[in-house]
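Undergrad: Below is the file structure_15.cif, with mmCIF, C-alpha atoms.
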data_final
loop_
_atom_site.label_atom_id
_atom_site.label_comp_id
_atom_site.auth_asym_id
_atom_site.auth_seq_id
_atom_site.Cartn_x
_atom_site.Cartn_y
_atom_site.Cartn_z
CA MET S 186 26.65 3.99 13.16
CA ARG S 187 24.34 6.98 13.21
CA TYR S 188 21.29 4.71 13.49
CA SER S 189 22.84 1.81 15.39
CA ALA S 190 20.21 1.95 18.16
CA PHE S 191 17.41 1.71 15.57
CA TYR S 192 18.95 -1.38 13.99
CA GLN S 193 19.41 -2.96 17.42
CA ILE S 194 15.65 -2.66 17.88
CA VAL S 195 15.11 -4.22 14.45
CA ASP S 196 17.42 -7.14 15.20
CA GLY S 197 15.76 -7.73 18.57
CA ILE S 198 12.29 -7.96 17.04
CA VAL S 199 13.57 -10.19 14.23
CA ASP S 200 14.87 -12.61 16.87
CA GLU S 201 11.50 -12.57 18.64
CA LEU S 202 9.69 -13.33 15.38
CA GLN S 203 12.05 -16.22 14.71
CA ASP S 204 11.51 -17.68 18.20
CA MET S 205 7.78 -17.01 18.69
CA VAL S 206 5.23 -19.79 19.00
CA TRP S 207 2.10 -18.87 17.08
CA PRO S 208 -1.40 -19.41 18.57
CA GLY S 209 -2.56 -22.96 17.99
CA GLU S 210 0.99 -24.20 17.35
CA THR S 211 3.36 -25.98 19.74
CA ASN S 212 6.77 -25.07 18.32
CA PRO S 213 8.37 -22.07 16.61
CA ARG S 214 8.14 -22.05 12.85
CA ARG S 215 11.12 -22.84 10.64
CA ARG S 216 13.83 -20.24 11.15
CA LEU S 217 14.54 -18.08 8.13
CA LYS S 218 18.12 -17.95 6.86
CA ASN S 219 20.23 -16.17 4.27
CA GLU S 220 18.10 -14.33 1.69
CA GLN S 221 14.85 -15.10 3.51
CA LEU S 222 16.28 -13.69 6.75
CA GLU S 223 17.32 -10.49 4.96
CA LYS S 224 13.78 -10.13 3.67
CA LEU S 225 12.43 -10.53 7.20
CA LYS S 226 14.81 -7.87 8.51
CA TYR S 227 13.80 -5.52 5.72
CA SER S 228 10.11 -6.05 6.50
CA VAL S 229 10.59 -5.39 10.22
CA GLU S 230 12.58 -2.26 9.43
CA LYS S 231 9.90 -1.01 7.03
CA LEU S 232 7.00 -1.59 9.43
CA ILE S 233 8.81 0.14 12.28
CA ARG S 234 9.90 3.04 10.08
CA ASP S 235 6.47 3.57 8.56
CA SER S 236 4.69 3.59 11.92
CA VAL S 237 7.24 5.44 14.06
CA SER S 238 8.57 8.15 11.73
CA ILE S 239 5.12 9.74 11.35
CA ARG S 240 4.76 10.18 15.10
CA HIS S 241 5.27 13.91 15.63
CA SER S 242 3.08 14.33 18.70
CA THR S 243 2.38 12.27 21.79
CA HIS S 244 -1.19 13.60 21.74
CA ARG S 245 -2.21 12.25 18.34
CA LYS S 246 -2.23 8.67 17.14
CA ALA S 247 -0.22 8.20 13.95
CA LEU S 248 -1.55 5.65 11.47
CA ALA S 249 0.56 3.94 8.82
CA SER S 250 -0.81 2.00 5.84
CA ILE S 251 -0.12 -1.46 4.45
CA HIS S 252 -1.23 -3.49 1.42
CA LEU S 253 -2.71 -6.83 2.48
CA GLY S 254 -3.45 -8.16 -1.02
CA LYS S 255 -1.20 -10.90 -2.40
CA ASP S 256 -1.06 -9.33 -5.87
CA HIS S 257 0.78 -6.30 -4.50
CA TYR S 258 3.80 -8.46 -3.64
CA LYS S 259 4.48 -10.04 -7.02
CA ALA S 260 8.17 -10.05 -7.88
CA SER S 261 9.26 -7.41 -10.44
CA ILE S 262 11.99 -4.84 -11.02
CA TYR S 263 10.01 -2.67 -8.59
CA ASN S 264 9.73 -5.31 -5.90
CA GLU S 265 12.62 -7.66 -5.35
CA ILE S 266 12.45 -8.05 -1.59
CA LEU S 267 8.91 -7.81 -0.15
CA THR S 268 6.86 -11.01 -0.29
CA TYR S 269 3.36 -11.64 0.98
CA ARG S 270 4.40 -14.70 2.97
CA ILE S 271 7.17 -12.89 4.87
CA HIS S 272 6.04 -9.26 4.97
CA VAL S 273 2.35 -9.81 5.73
CA GLU S 274 1.92 -13.33 7.12
CA ARG S 275 5.10 -13.62 9.14
CA CYS S 276 6.14 -10.05 9.92
CA PHE S 277 3.03 -7.84 10.06
CA ASN S 278 0.81 -10.47 11.68
CA GLY S 279 3.68 -11.56 13.92
CA MET S 280 4.39 -8.04 15.19
CA ILE S 281 0.68 -7.65 15.96
CA GLU S 282 0.76 -10.94 17.87
CA LEU S 283 3.85 -9.79 19.79
CA GLY S 284 2.11 -6.53 20.70
CA TYR S 285 4.34 -4.14 18.71
CA LEU S 286 1.72 -3.13 16.15
CA LYS S 287 -2.02 -2.64 16.33
CA LYS S 288 -4.43 -2.83 13.41
CA GLU S 289 -6.57 0.32 13.61
CA LYS S 290 -8.77 0.44 10.50
CA ARG S 291 -9.60 -2.18 7.94
CA GLY S 292 -8.96 -1.38 4.30
CA VAL S 293 -12.00 -0.55 2.18
CA TYR S 294 -12.68 -0.75 -1.52
CA TYR S 295 -15.32 1.06 -3.56
CA PRO S 296 -16.28 0.06 -7.13
CA LYS S 297 -15.82 3.65 -8.36
CA GLY S 298 -12.12 3.31 -7.72
CA LYS S 299 -11.60 4.71 -4.23
CA ARG S 300 -9.48 2.41 -2.10
CA TYR S 301 -8.09 2.89 1.39
CA LEU S 302 -5.40 0.62 2.72
CA THR S 303 -5.47 -1.07 6.10
CA ARG S 304 -4.15 1.32 8.75
CA TYR S 305 -2.03 0.33 11.75
CA SER S 306 -0.07 2.04 14.50
CA ALA S 307 2.99 1.49 16.67
CA THR S 308 1.97 0.40 20.16
CA LYS S 309 3.37 1.70 23.44
CA LYS S 310 5.41 -1.50 23.66
CA LEU S 311 7.22 -0.64 20.43
CA LEU S 312 7.62 3.06 21.28
CA ASP S 313 9.03 2.15 24.70
CA ARG S 314 11.96 0.44 22.98
CA PHE S 315 13.12 3.86 21.79
CA PRO S 316 14.92 6.32 24.12
CA LYS S 317 12.41 8.16 26.31
CA SER S 318 14.11 11.50 25.63
CA LEU S 319 13.17 11.49 21.94
CA GLY S 320 9.63 12.83 22.30
CA THR S 321 8.60 14.49 19.03
CA ALA S 322 12.14 14.01 17.69
CA MET S 323 11.24 10.37 16.95
CA PRO S 324 11.41 10.78 13.11
CA ALA S 325 15.04 11.94 13.37
CA PHE S 326 15.92 8.65 15.08
CA VAL S 327 14.69 6.61 12.09
CA PRO S 328 16.94 6.08 9.02
CA GLN S 329 15.78 6.62 5.48
CA ALA S 330 14.59 3.59 3.54
CA GLN S 331 17.03 1.81 1.26
CA ASN S 332 17.49 3.35 -2.18
CA ILE S 333 15.40 1.09 -4.41
CA ASN S 334 13.22 1.77 -7.45
CA LEU S 335 14.95 5.07 -8.21
CA ILE S 336 13.80 4.98 -11.84
CA ARG S 337 10.15 4.17 -12.49
CA VAL S 338 7.79 4.10 -15.46
CA GLN S 339 4.17 4.67 -14.58
CA GLN S 340 1.15 4.61 -16.86
CA ASN S 341 -2.40 5.78 -16.23
CA PHE S 342 -5.19 3.72 -17.69
CA LYS S 343 -8.94 3.32 -17.44
CA THR S 344 -10.67 0.08 -16.60
CA GLU S 345 -14.13 -1.12 -15.67
CA VAL S 346 -14.95 -2.30 -12.14
CA ASN S 347 -18.47 -3.61 -11.50
CA GLY S 348 -19.71 -1.69 -14.53
CA VAL S 349 -18.05 1.57 -13.48
CA ARG S 350 -15.19 3.20 -15.44
CA VAL S 351 -12.33 4.02 -13.09
CA GLU S 352 -8.79 5.34 -13.45
CA ARG S 353 -5.84 3.24 -12.36
CA LYS S 354 -2.04 3.48 -12.39
CA LYS S 355 0.42 0.70 -13.08
CA LEU S 356 4.19 0.40 -13.14
CA LEU S 357 5.72 -0.80 -16.41
CA GLU S 358 8.85 -2.91 -16.85
CA TYR S 359 11.61 -1.17 -18.80
CA GLU S 360 14.95 -2.04 -20.36
CA GLU S 361 18.08 -1.29 -18.34
CA THR S 362 20.47 0.79 -20.47
CA SER S 363 23.57 2.89 -19.98
CA HIS S 364 21.26 5.91 -19.80
CA THR S 365 19.08 4.49 -17.01
CA LYS S 366 22.25 3.50 -15.14
CA LEU S 367 23.57 7.06 -15.44
CA MET S 368 20.27 8.55 -14.23
CA ARG S 369 20.28 6.16 -11.29
CA ALA S 370 23.87 7.05 -10.41
CA ASN S 371 23.07 10.77 -10.60
CA LEU S 372 20.05 10.30 -8.40
CA GLN S 373 22.14 8.38 -5.88
CA LYS S 374 24.52 11.36 -5.65
CA ILE S 375 21.60 13.70 -5.08
CA ASN S 376 20.04 11.47 -2.42
CA ASP S 377 23.37 10.96 -0.67
CA THR S 378 23.76 14.72 -0.41
CA ILE S 379 20.24 15.20 0.95
CA ASN S 380 20.65 12.41 3.49
CA GLN S 381 23.66 14.01 5.15
CA PHE S 382 21.33 16.65 6.61
CA TRP S 383 18.14 16.69 8.66
CA PHE S 384 15.11 18.54 7.27
CA ASP S 385 12.20 19.43 9.52
CA LEU S 386 9.32 21.85 9.98
CA ARG S 387 9.54 24.52 12.65
CA LEU S 388 5.97 24.07 13.84
CA ASP S 389 4.38 23.26 17.20
CA ASP S 390 2.01 20.29 17.58
CA GLY S 391 -1.13 22.32 16.88
CA ASP S 392 0.19 23.93 13.70
CA PHE S 393 1.60 20.60 12.52
CA THR S 394 -1.82 18.97 12.92
CA ALA S 395 -3.51 21.87 11.10
CA MET S 396 -1.03 21.52 8.24
CA GLN S 397 -1.75 17.80 7.88
CA VAL S 398 -5.46 18.58 7.61
CA GLN S 399 -4.68 21.04 4.81
CA MET S 400 -2.82 18.30 2.97
CA LEU S 401 -6.21 16.71 2.28
CA SER S 402 -8.81 17.88 -0.19
CA LYS S 403 -12.26 18.88 1.07
CA LYS S 404 -13.66 15.60 -0.27
CA GLN S 405 -10.97 13.56 1.49
CA ARG S 406 -11.64 15.30 4.79
CA LYS S 407 -15.35 14.46 4.50
CA GLN S 408 -14.47 10.83 3.80
CA GLY S 409 -12.30 10.66 6.90
CA VAL S 410 -9.05 10.06 5.03
CA ASP S 411 -6.05 10.15 7.35
CA ARG S 412 -2.85 11.40 5.72
CA GLN S 413 0.25 11.98 7.81
CA LEU S 414 3.64 13.41 6.94
CA ASN S 415 6.56 10.99 7.10
CA LEU S 416 9.77 12.95 7.66
CA SER S 417 11.91 9.90 6.93
CA LYS S 418 10.87 10.11 3.25
CA ARG S 419 13.94 11.92 1.93
CA ASN S 420 14.95 9.73 -1.03
CA LEU S 421 13.93 10.98 -4.45
CA HIS S 422 12.97 8.86 -7.44
CA ARG S 423 12.12 9.75 -11.04
CA VAL S 424 8.81 8.82 -12.64
CA PHE S 425 8.55 8.56 -16.42
CA ASN S 426 5.34 8.04 -18.38
CA ASP S 427 6.61 5.89 -21.25
CA VAL S 428 9.09 3.04 -21.50
CA LYS S 429 11.30 5.05 -23.88
CA MET S 430 11.51 7.69 -21.13
CA THR S 431 10.74 10.63 -23.39
CA LEU S 432 7.80 11.78 -21.23
CA GLY S 433 7.74 12.89 -17.60
CA GLY S 434 10.80 12.14 -15.51
CA ARG S 435 10.06 14.48 -12.62
CA PHE S 436 11.39 13.83 -9.13
CA TYR S 437 9.10 12.51 -6.38
CA GLY S 438 9.40 10.95 -2.95
CA GLY S 439 10.43 13.83 -0.69
CA TRP S 440 8.10 14.69 2.21
CA TRP S 441 8.46 18.42 1.49
CA GLN S 442 6.54 17.90 -1.76
CA GLU S 443 3.43 17.10 0.29
CA VAL S 444 3.60 20.28 2.39
CA PRO S 445 1.02 22.97 1.45
CA LYS S 446 2.65 26.02 -0.12
CA GLY S 447 1.92 28.29 2.84
CA TYR S 448 3.91 26.03 5.19
CA ARG S 449 7.09 25.69 3.10
CA GLN S 450 8.53 28.79 4.76
CA TYR S 451 8.84 26.76 7.99
CA ILE S 452 11.10 24.10 6.46
CA VAL S 453 14.52 24.07 8.10
CA MET S 454 17.81 22.27 7.34
CA ASN S 455 19.73 21.25 10.47
CA GLY S 456 17.72 23.97 12.21
CA LYS S 457 18.68 26.66 9.66
CA PRO S 458 15.98 28.50 7.64
CA MET S 459 15.40 27.70 3.98
CA VAL S 460 13.87 29.66 1.12
CA GLU S 461 11.97 28.70 -2.04
CA TYR S 462 12.94 29.97 -5.49
CA ASP S 463 10.82 29.14 -8.52
CA TYR S 464 10.80 29.49 -12.29
CA ALA S 465 8.38 31.96 -13.87
CA ASN S 466 6.13 30.62 -16.67
CA LEU S 467 8.30 27.51 -16.99
CA HIS S 468 6.59 25.52 -19.76
CA PRO S 469 5.50 28.46 -21.97
CA ARG S 470 9.07 29.83 -21.77
CA ILE S 471 10.51 26.48 -22.86
CA LEU S 472 8.22 26.51 -25.92
CA TYR S 473 9.32 30.03 -26.82
CA ALA S 474 12.97 29.02 -26.37
CA GLU S 475 12.54 25.98 -28.63
CA ALA S 476 11.13 28.28 -31.31
CA GLY S 477 14.08 30.63 -30.94
CA LEU S 478 11.82 33.41 -29.67
CA ILE S 479 11.95 35.76 -26.70
CA PRO S 480 8.93 35.13 -24.44
CA PRO S 481 6.81 37.87 -22.87
CA ASP S 482 7.88 39.03 -19.40
CA ASP S 483 4.79 37.27 -18.03
CA CYS S 484 3.01 34.68 -20.17
CA TYR S 485 -0.05 34.86 -17.94
CA SER S 486 -0.75 38.58 -18.31
CA ASP S 487 -2.06 40.86 -21.10
CA VAL S 488 -4.79 38.40 -22.08
CA TYR S 489 -7.97 40.26 -23.09
CA PRO S 490 -11.02 38.19 -24.03
CA LYS S 491 -13.13 39.59 -26.84
CA CYS S 492 -16.64 39.45 -25.52
CA PRO S 493 -19.36 42.11 -25.33
CA GLY S 494 -19.04 44.38 -22.31
CA TRP S 495 -16.02 42.53 -20.88
CA VAL S 496 -14.86 44.04 -17.59
CA MET S 497 -11.34 43.43 -16.32
CA PRO S 498 -11.61 41.44 -13.05
CA ASP S 499 -9.16 41.53 -10.16
CA PRO S 500 -5.70 41.22 -11.83
CA ASP S 501 -4.57 38.41 -9.52
CA ASN S 502 -7.72 36.40 -10.23
CA MET S 503 -7.37 37.03 -13.95
CA ARG S 504 -3.77 35.89 -13.95
CA LYS S 505 -4.72 32.77 -11.99
CA ALA S 506 -7.44 31.94 -14.54
CA VAL S 507 -5.04 32.41 -17.47
CA LYS S 508 -2.39 30.23 -15.81
CA ILE S 509 -4.90 27.41 -15.21
CA ALA S 510 -6.20 27.70 -18.78
CA LEU S 511 -2.80 27.89 -20.48
CA ASN S 512 -1.44 24.87 -18.61
CA ALA S 513 -4.60 22.91 -19.49
CA ILE S 514 -4.20 23.90 -23.15
CA LEU S 515 -0.56 22.72 -23.14
CA ASN S 516 -1.44 19.37 -21.53
CA ALA S 517 -4.56 18.53 -23.53
CA PRO S 518 -4.03 16.26 -26.59
CA ALA S 519 -7.06 17.79 -28.33
CA GLU S 520 -9.17 20.91 -28.07
CA LEU S 521 -11.08 21.11 -24.81
CA LYS S 522 -14.79 21.59 -25.25
CA ARG S 523 -15.23 21.80 -21.49
CA PRO S 524 -13.08 23.87 -19.13
CA PRO S 525 -10.69 22.23 -16.61
CA SER S 526 -12.17 21.64 -13.17
CA ALA S 527 -10.16 24.49 -11.61
CA PHE S 528 -11.55 27.08 -14.07
CA ARG S 529 -13.91 29.64 -12.54
CA ARG S 530 -15.80 32.02 -14.82
CA LYS S 531 -15.93 34.73 -12.15
CA ASP S 532 -12.11 34.92 -12.11
CA CYS S 533 -11.98 36.11 -15.74
CA ASN S 534 -15.53 37.40 -16.40
CA CYS S 535 -15.78 35.35 -19.57
CA SER S 536 -16.53 31.86 -20.84
CA TRP S 537 -13.96 29.12 -21.31
CA ALA S 538 -14.18 29.45 -25.11
CA GLU S 539 -13.63 33.21 -24.92
CA LEU S 540 -10.64 32.88 -22.57
CA SER S 541 -8.97 30.10 -24.57
CA ALA S 542 -9.40 32.11 -27.81
CA ALA S 543 -7.76 35.12 -26.14
CA ILE S 544 -4.83 32.97 -24.99
CA LEU S 545 -4.32 31.59 -28.51
CA GLU S 546 -4.23 35.14 -29.83
CA ARG S 547 -1.81 36.30 -27.12
CA HIS S 548 0.57 33.38 -27.80
CA HIS S 549 0.00 32.94 -31.54
CA LEU S 550 3.77 32.43 -32.07
CA ILE S 551 3.66 29.09 -30.25
CA ALA S 552 -0.01 28.25 -30.85
CA ASP S 553 0.97 25.30 -33.08
CA LYS S 554 1.94 23.50 -29.84
CA PHE S 555 -1.44 24.07 -28.19
CA TYR S 556 -3.76 21.10 -27.75
CA THR S 557 -1.02 18.67 -28.79
CA GLY S 558 -0.29 17.15 -25.37
CA GLN S 559 2.99 18.95 -24.73
CA GLY S 560 2.86 18.71 -20.92
CA LEU S 561 4.67 15.40 -20.35
CA ARG S 562 7.28 16.17 -23.03
CA LEU S 563 7.99 19.50 -21.33
CA GLN S 564 8.22 17.72 -17.98
CA ARG S 565 11.04 15.61 -19.38
CA ILE S 566 12.92 18.81 -20.24
CA ASP S 567 12.27 20.53 -16.89
CA SER S 568 13.19 17.36 -14.98
CA ASP S 569 16.55 17.21 -16.79
CA ILE S 570 17.09 20.85 -15.87
CA ALA S 571 16.25 19.99 -12.24
CA GLU S 572 18.76 17.12 -12.31
CA TYR S 573 21.45 19.50 -13.61
CA VAL S 574 20.73 22.04 -10.85
CA MET S 575 20.75 19.46 -8.05
CA LEU S 576 23.94 17.80 -9.31
CA HIS S 577 25.66 21.18 -9.43
CA PHE S 578 24.96 21.83 -5.75
CA ALA S 579 25.75 18.22 -4.82
CA LYS S 580 29.35 18.90 -5.95
CA TYR S 581 29.55 21.43 -3.11
CA ASN S 582 27.70 19.17 -0.65
CA MET S 583 24.74 21.56 -0.61
CA PRO S 584 21.36 19.79 -0.61
CA ILE S 585 18.57 21.31 -2.65
CA LEU S 586 14.95 20.13 -2.45
CA PRO S 587 12.99 19.98 -5.74
CA LEU S 588 9.33 20.94 -6.15
CA HIS S 589 9.02 20.36 -9.93
CA ASP S 590 9.10 24.03 -10.98
CA SER S 591 10.86 25.40 -7.90
CA PHE S 592 13.57 24.54 -5.37
CA ILE S 593 14.05 24.97 -1.65
CA ILE S 594 17.58 25.83 -0.52
CA ARG S 595 19.28 27.09 2.61
CA SER S 596 18.76 30.80 3.16
CA GLY S 597 21.69 32.82 1.82
CA TYR S 598 22.18 30.74 -1.34
CA GLU S 599 19.40 32.33 -3.37
CA GLU S 600 21.79 34.19 -5.66
CA SER S 601 23.76 31.05 -6.49
CA LEU S 602 20.54 29.13 -7.15
CA GLU S 603 19.16 31.88 -9.40
CA LYS S 604 22.31 31.86 -11.47
CA ILE S 605 22.39 28.09 -11.97
#
Render the structure in this file as structure tokens.
TA:
Amino acid sequence: MRYSAFYQIVDGIVDELQDMVWPGETNPRRRLKNEQLEKLKYSVEKLIRDSVSIRHSTHRKALASIHLGKDHYKASIYNEILTYRIHVERCFNGMIELGYLKKEKRGVYYPKGKRYLTRYSATKKLLDRFPKSLGTAMPAFVPQAQNINLIRVQQNFKTEVNGVRVERKKLLEYEETSHTKLMRANLQKINDTINQFWFDLRLDDGDFTAMQVQMLSKKQRKQGVDRQLNLSKRNLHRVFNDVKMTLGGRFYGGWWQEVPKGYRQYIVMNGKPMVEYDYANLHPRILYAEAGLIPPDDCYSDVYPKCPGWVMPDPDNMRKAVKIALNAILNAPAELKRPPSAFRRKDCNCSWAELSAAILERHHLIADKFYTGQGLRLQRIDSDIAEYVMLHFAKYNMPILPLHDSFIIRSGYEESLEKI
């Protein structure tokens, strides 16, 4: 009932697609019924949601993205409803023909692995079907997408394209078990709690635009990548990195996870301020706990490289360098001969080898775990902890937004969150 007007718009456009006469044809195409009709409705709903819920300003065109390749729509446990024939040929092309959508930029593909999807926008004709009074409140008028694919297994792999080695990701099929059913049920409870409230950013148009620019890397900005925040993305899903689900498992899908750290303070829940509370030294502390040891107060401090004439740099820069190095050491499956890309010698006044040796000495009690690829295993542990925390607050109908090693909660509940 809350979104009845939105679904009236969807039903109206579905009827138009069913009745339309395509260019070069004399009669409407065969009407879709039953399961095929449901797929058409879902496609219309998705295209409207994706193009309208990113429209935060009347002064800036909002571009949504769509896959136009047939292979993307193969049936699997991750895709049971979208088909190329209905979603692309009948719905996307039909809504363009009817004047509701406009194709803005063609998708491009580069052999080195960079790919940009075709971009499209909602036209004035589509926007005019929504109440005029909405203005920048348009995303609040659009319902969240259906809860599908809550549990996913994703694997990174390297392949060769036109003689160039590139990295790719693929979703793997997995066996449905009582455990996956329980995780899915828990996630449904968490999502149901989140979706009872409206989360927004207390920013004006100019600041919102500036934030979206910050969401891109320097390289992406140079390439003209257009990335826009979709406030209707409020459903979480878990991503594992192996079919046995012993690795990964963190929660993704919430729009707040895309917001740069400096802007999280502007997140509001039903207009009320929220605060962020994070874990300190999360993964090193877990390793100490597993060994039955008490960790240092700060795992990223008191690291002193042994090199001739070493001068202590700015403490904040030094701590940042140690944090980057320690996390790289925990994630790497073998000793790193080269430093991670984020490492900067000037932050620590020493070489990568000197800094990593100092870290091994500082944390010699857990050094047997270094360079053994602990990162994804530790993510499975911290994601289970996150599930426990979110389920606890769901019992009291209090939504909590996860950020992997931190949470965002309504201001005033910090003490309760810290305790849990």
Undergrad: Which is closer to Ile566 (chain S) than all the others in S:Leu472, S:Leu302, S:Ala552, S:Ala543, using all atoms listed in the file?
TA: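 For Ile566 (chain S), the nearest of the given residues is S:Leu472.
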Undergrad: Considering only C-alpha atoms, state which residue in the set S:Leu356, S:Lys288, S:Met400, S:Val229 is at the smallest distance from His257 (chain S).
TA: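 Looking only at the distances to His257 (chain S), the closest residue turns out to be S:Leu356.
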Undergrad: For CA of Cys484 (chain S) and CA of Leu563 (chain S), determine how far apart the two atoms are, in Å to one decimal place.
TA: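 So the answer is 16.0 Å.
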Undergrad: Would you mind listing what lies within 12 Å of Pro458 (chain S) as a list in words, with all atoms listed in the file counted and same-chain residues fewer than 2 positions away left out?
TA: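 Contacts, in chain order: Phe384, Asp385, Leu386, Arg387, Arg449, Gln450, Tyr451, Ile452, Val453, Met454, Asn455, Gly456, Val460, Glu461, Ile593, Ile594, Arg595, Ser596, Gly597 and Tyr598 of chain S.
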Undergrad: Choose the residue, out of S:Val199, S:Ile194, S:Leu550, S:Cys535, that has the smallest atom-to-atom separation from Pro480 (chain S); count all atoms listed in the file.
TA: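 Going through S:Val199, S:Ile194, S:Leu550, S:Cys535 one by one, the smallest distance to Pro480 (chain S) is for S:Leu550.
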Undergrad: Can you tell me, as an MDAnalysis selection string, which residues sit within 9 Å of (5.7, 30.2, -29.0) in the file's frame, using all atoms listed in the file?
TA: chainID S and resid 469:480 548:554
Undergrad: If the PyMOL selection byres ((chain S and resi 526) around 12) were run on this exact file, what residues would it hold? Put them as a PyMOL selection string.
TA: chain S and resi 506+509-510+513+521+523-525+527-530+537
Undergrad: Hey, what's within 7 Å of region 432-444 of chain S if we count all atoms listed in the file and toss same-chain stuff fewer than 2 positions away? As a PDB file with C-alpha atoms, in the frame of the given file, please?
TA:
ATOM      1  CA  MET S 400      -2.820  18.300   2.970  1.00  0.00           C
ATOM      2  CA  LEU S 414       3.640  13.410   6.940  1.00  0.00           C
ATOM      3  CA  ASN S 415       6.560  10.990   7.100  1.00  0.00           C
ATOM      4  CA  LEU S 416       9.770  12.950   7.660  1.00  0.00           C
ATOM      5  CA  LYS S 418      10.870  10.110   3.250  1.00  0.00           C
ATOM      6  CA  ARG S 419      13.940  11.920   1.930  1.00  0.00           C
ATOM      7  CA  ASN S 420      14.950   9.730  -1.030  1.00  0.00           C
ATOM      8  CA  LEU S 421      13.930  10.980  -4.450  1.00  0.00           C
ATOM      9  CA  HIS S 422      12.970   8.860  -7.440  1.00  0.00           C
ATOM     10  CA  ARG S 423      12.120   9.750 -11.040  1.00  0.00           C
ATOM     11  CA  VAL S 424       8.810   8.820 -12.640  1.00  0.00           C
ATOM     12  CA  PHE S 425       8.550   8.560 -16.420  1.00  0.00           C
ATOM     13  CA  ASN S 426       5.340   8.040 -18.380  1.00  0.00           C
ATOM     14  CA  ASP S 427       6.610   5.890 -21.250  1.00  0.00           C
ATOM     15  CA  MET S 430      11.510   7.690 -21.130  1.00  0.00           C
ATOM     16  CA  LYS S 446       2.650  26.020  -0.120  1.00  0.00           C
ATOM     17  CA  TYR S 448       3.910  26.030   5.190  1.00  0.00           C
ATOM     18  CA  ARG S 449       7.090  25.690   3.100  1.00  0.00           C
ATOM     19  CA  LEU S 561       4.670  15.400 -20.350  1.00  0.00           C
ATOM     20  CA  ARG S 562       7.280  16.170 -23.030  1.00  0.00           C
ATOM     21  CA  GLN S 564       8.220  17.720 -17.980  1.00  0.00           C
ATOM     22  CA  ARG S 565      11.040  15.610 -19.380  1.00  0.00           C
ATOM     23  CA  SER S 568      13.190  17.360 -14.980  1.00  0.00           C
ATOM     24  CA  LEU S 588       9.330  20.940  -6.150  1.00  0.00           C
ATOM     25  CA  HIS S 589       9.020  20.360  -9.930  1.00  0.00           C
TER      26      HIS S 589
END
Undergrad: Could you check which of S:Leu586, S:Ala517, S:Phe382, S:Leu372 is closest to Lys457 (chain S), using only C-alpha atoms?
TA: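 Distance minimum relative to Lys457 (chain S) lands on S:Phe382.
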Undergrad: List the spatial neighbours of Leu286 (chain S) as a list in words - criterion: any atom at most 7 Å away, only C-alpha atoms, same-chain residues fewer than 4 positions off excluded.
TA: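 Within the cut-off, the hits are Met280, Ile281, Tyr305, Ser306, Ala307 and Thr308 of chain S.
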Undergrad: Keeping only C-alpha atoms, write the selected residues to a file as a JSON list (two decimals), in the frame of the given file.
TA:
[["chain", "number", "residue", "atom", "x", "y", "z"],
["S", 280, "MET", "CA", 4.39, -8.04, 15.19],
["S", 281, "ILE", "CA", 0.68, -7.65, 15.96],
["S", 305, "TYR", "CA", -2.03, 0.33, 11.75],
["S", 306, "SER", "CA", -0.07, 2.04, 14.50],
["S", 307, "ALA", "CA", 2.99, 1.49, 16.67],
["S", 308, "THR", "CA", 1.97, 0.40, 20.16]]
Undergrad: Using the chain letters and numbering of this document, enumerate as a ChimeraX atom specification the residues selected by the PyMOL selection byres ((chain S and resi 330) around 9).
TA: /S:230-231,234,328-329,331-333,417-420
Undergrad: Starting from the shown file, work through the PyMOL selection byres ((chain S and resi 463) around 6) and note down what comes out as number ranges by chain.
TA: S: 462, 464, 590-591
Undergrad: Under the rule that all atoms listed in the file are counted, which of S:Leu311, S:Lys531, S:His577, S:Gln203 is the nearest residue to Lys604 (chain S)?
TA: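 Ranked by minimum distance to Lys604 (chain S), first place goes to S:His577.
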Undergrad: Grab the CA of Ser250 (chain S) to CA of Glu289 (chain S) distance for me, in Å with one decimal place.
TA: 9.8 Å
Undergrad: Could you tell me, as an MDAnalysis selection string, which residues have any atom at most 7 Å from (-6.9, 3.9, -18.9), counting all atoms listed in the file?
TA: chainID S and resid 341:344 352:353
Undergrad: Distance CA of Lys226 (chain S)-CA of Ile198 (chain S), one decimal place?
TA: 8.9 Å
Undergrad: Using all atoms listed in the file, pick whichever of S:Pro445, S:Pro208, S:Pro324, S:Gly560 has the shortest atom-to-atom distance to Ile233 (chain S).
TA: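 For Ile233 (chain S), the nearest of the candidates is S:Pro324.
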Undergrad: Please, what is the axis-aligned box for every listed atom of region 480-483 of chain S with 3 Å on each side, as centre and edge lengths in Å to one decimal, as JSON?
TA:
{"center_x": 6.9, "center_y": 37.1, "center_z": -21.2, "size_x": 10.1, "size_y": 9.9, "size_z": 12.4}
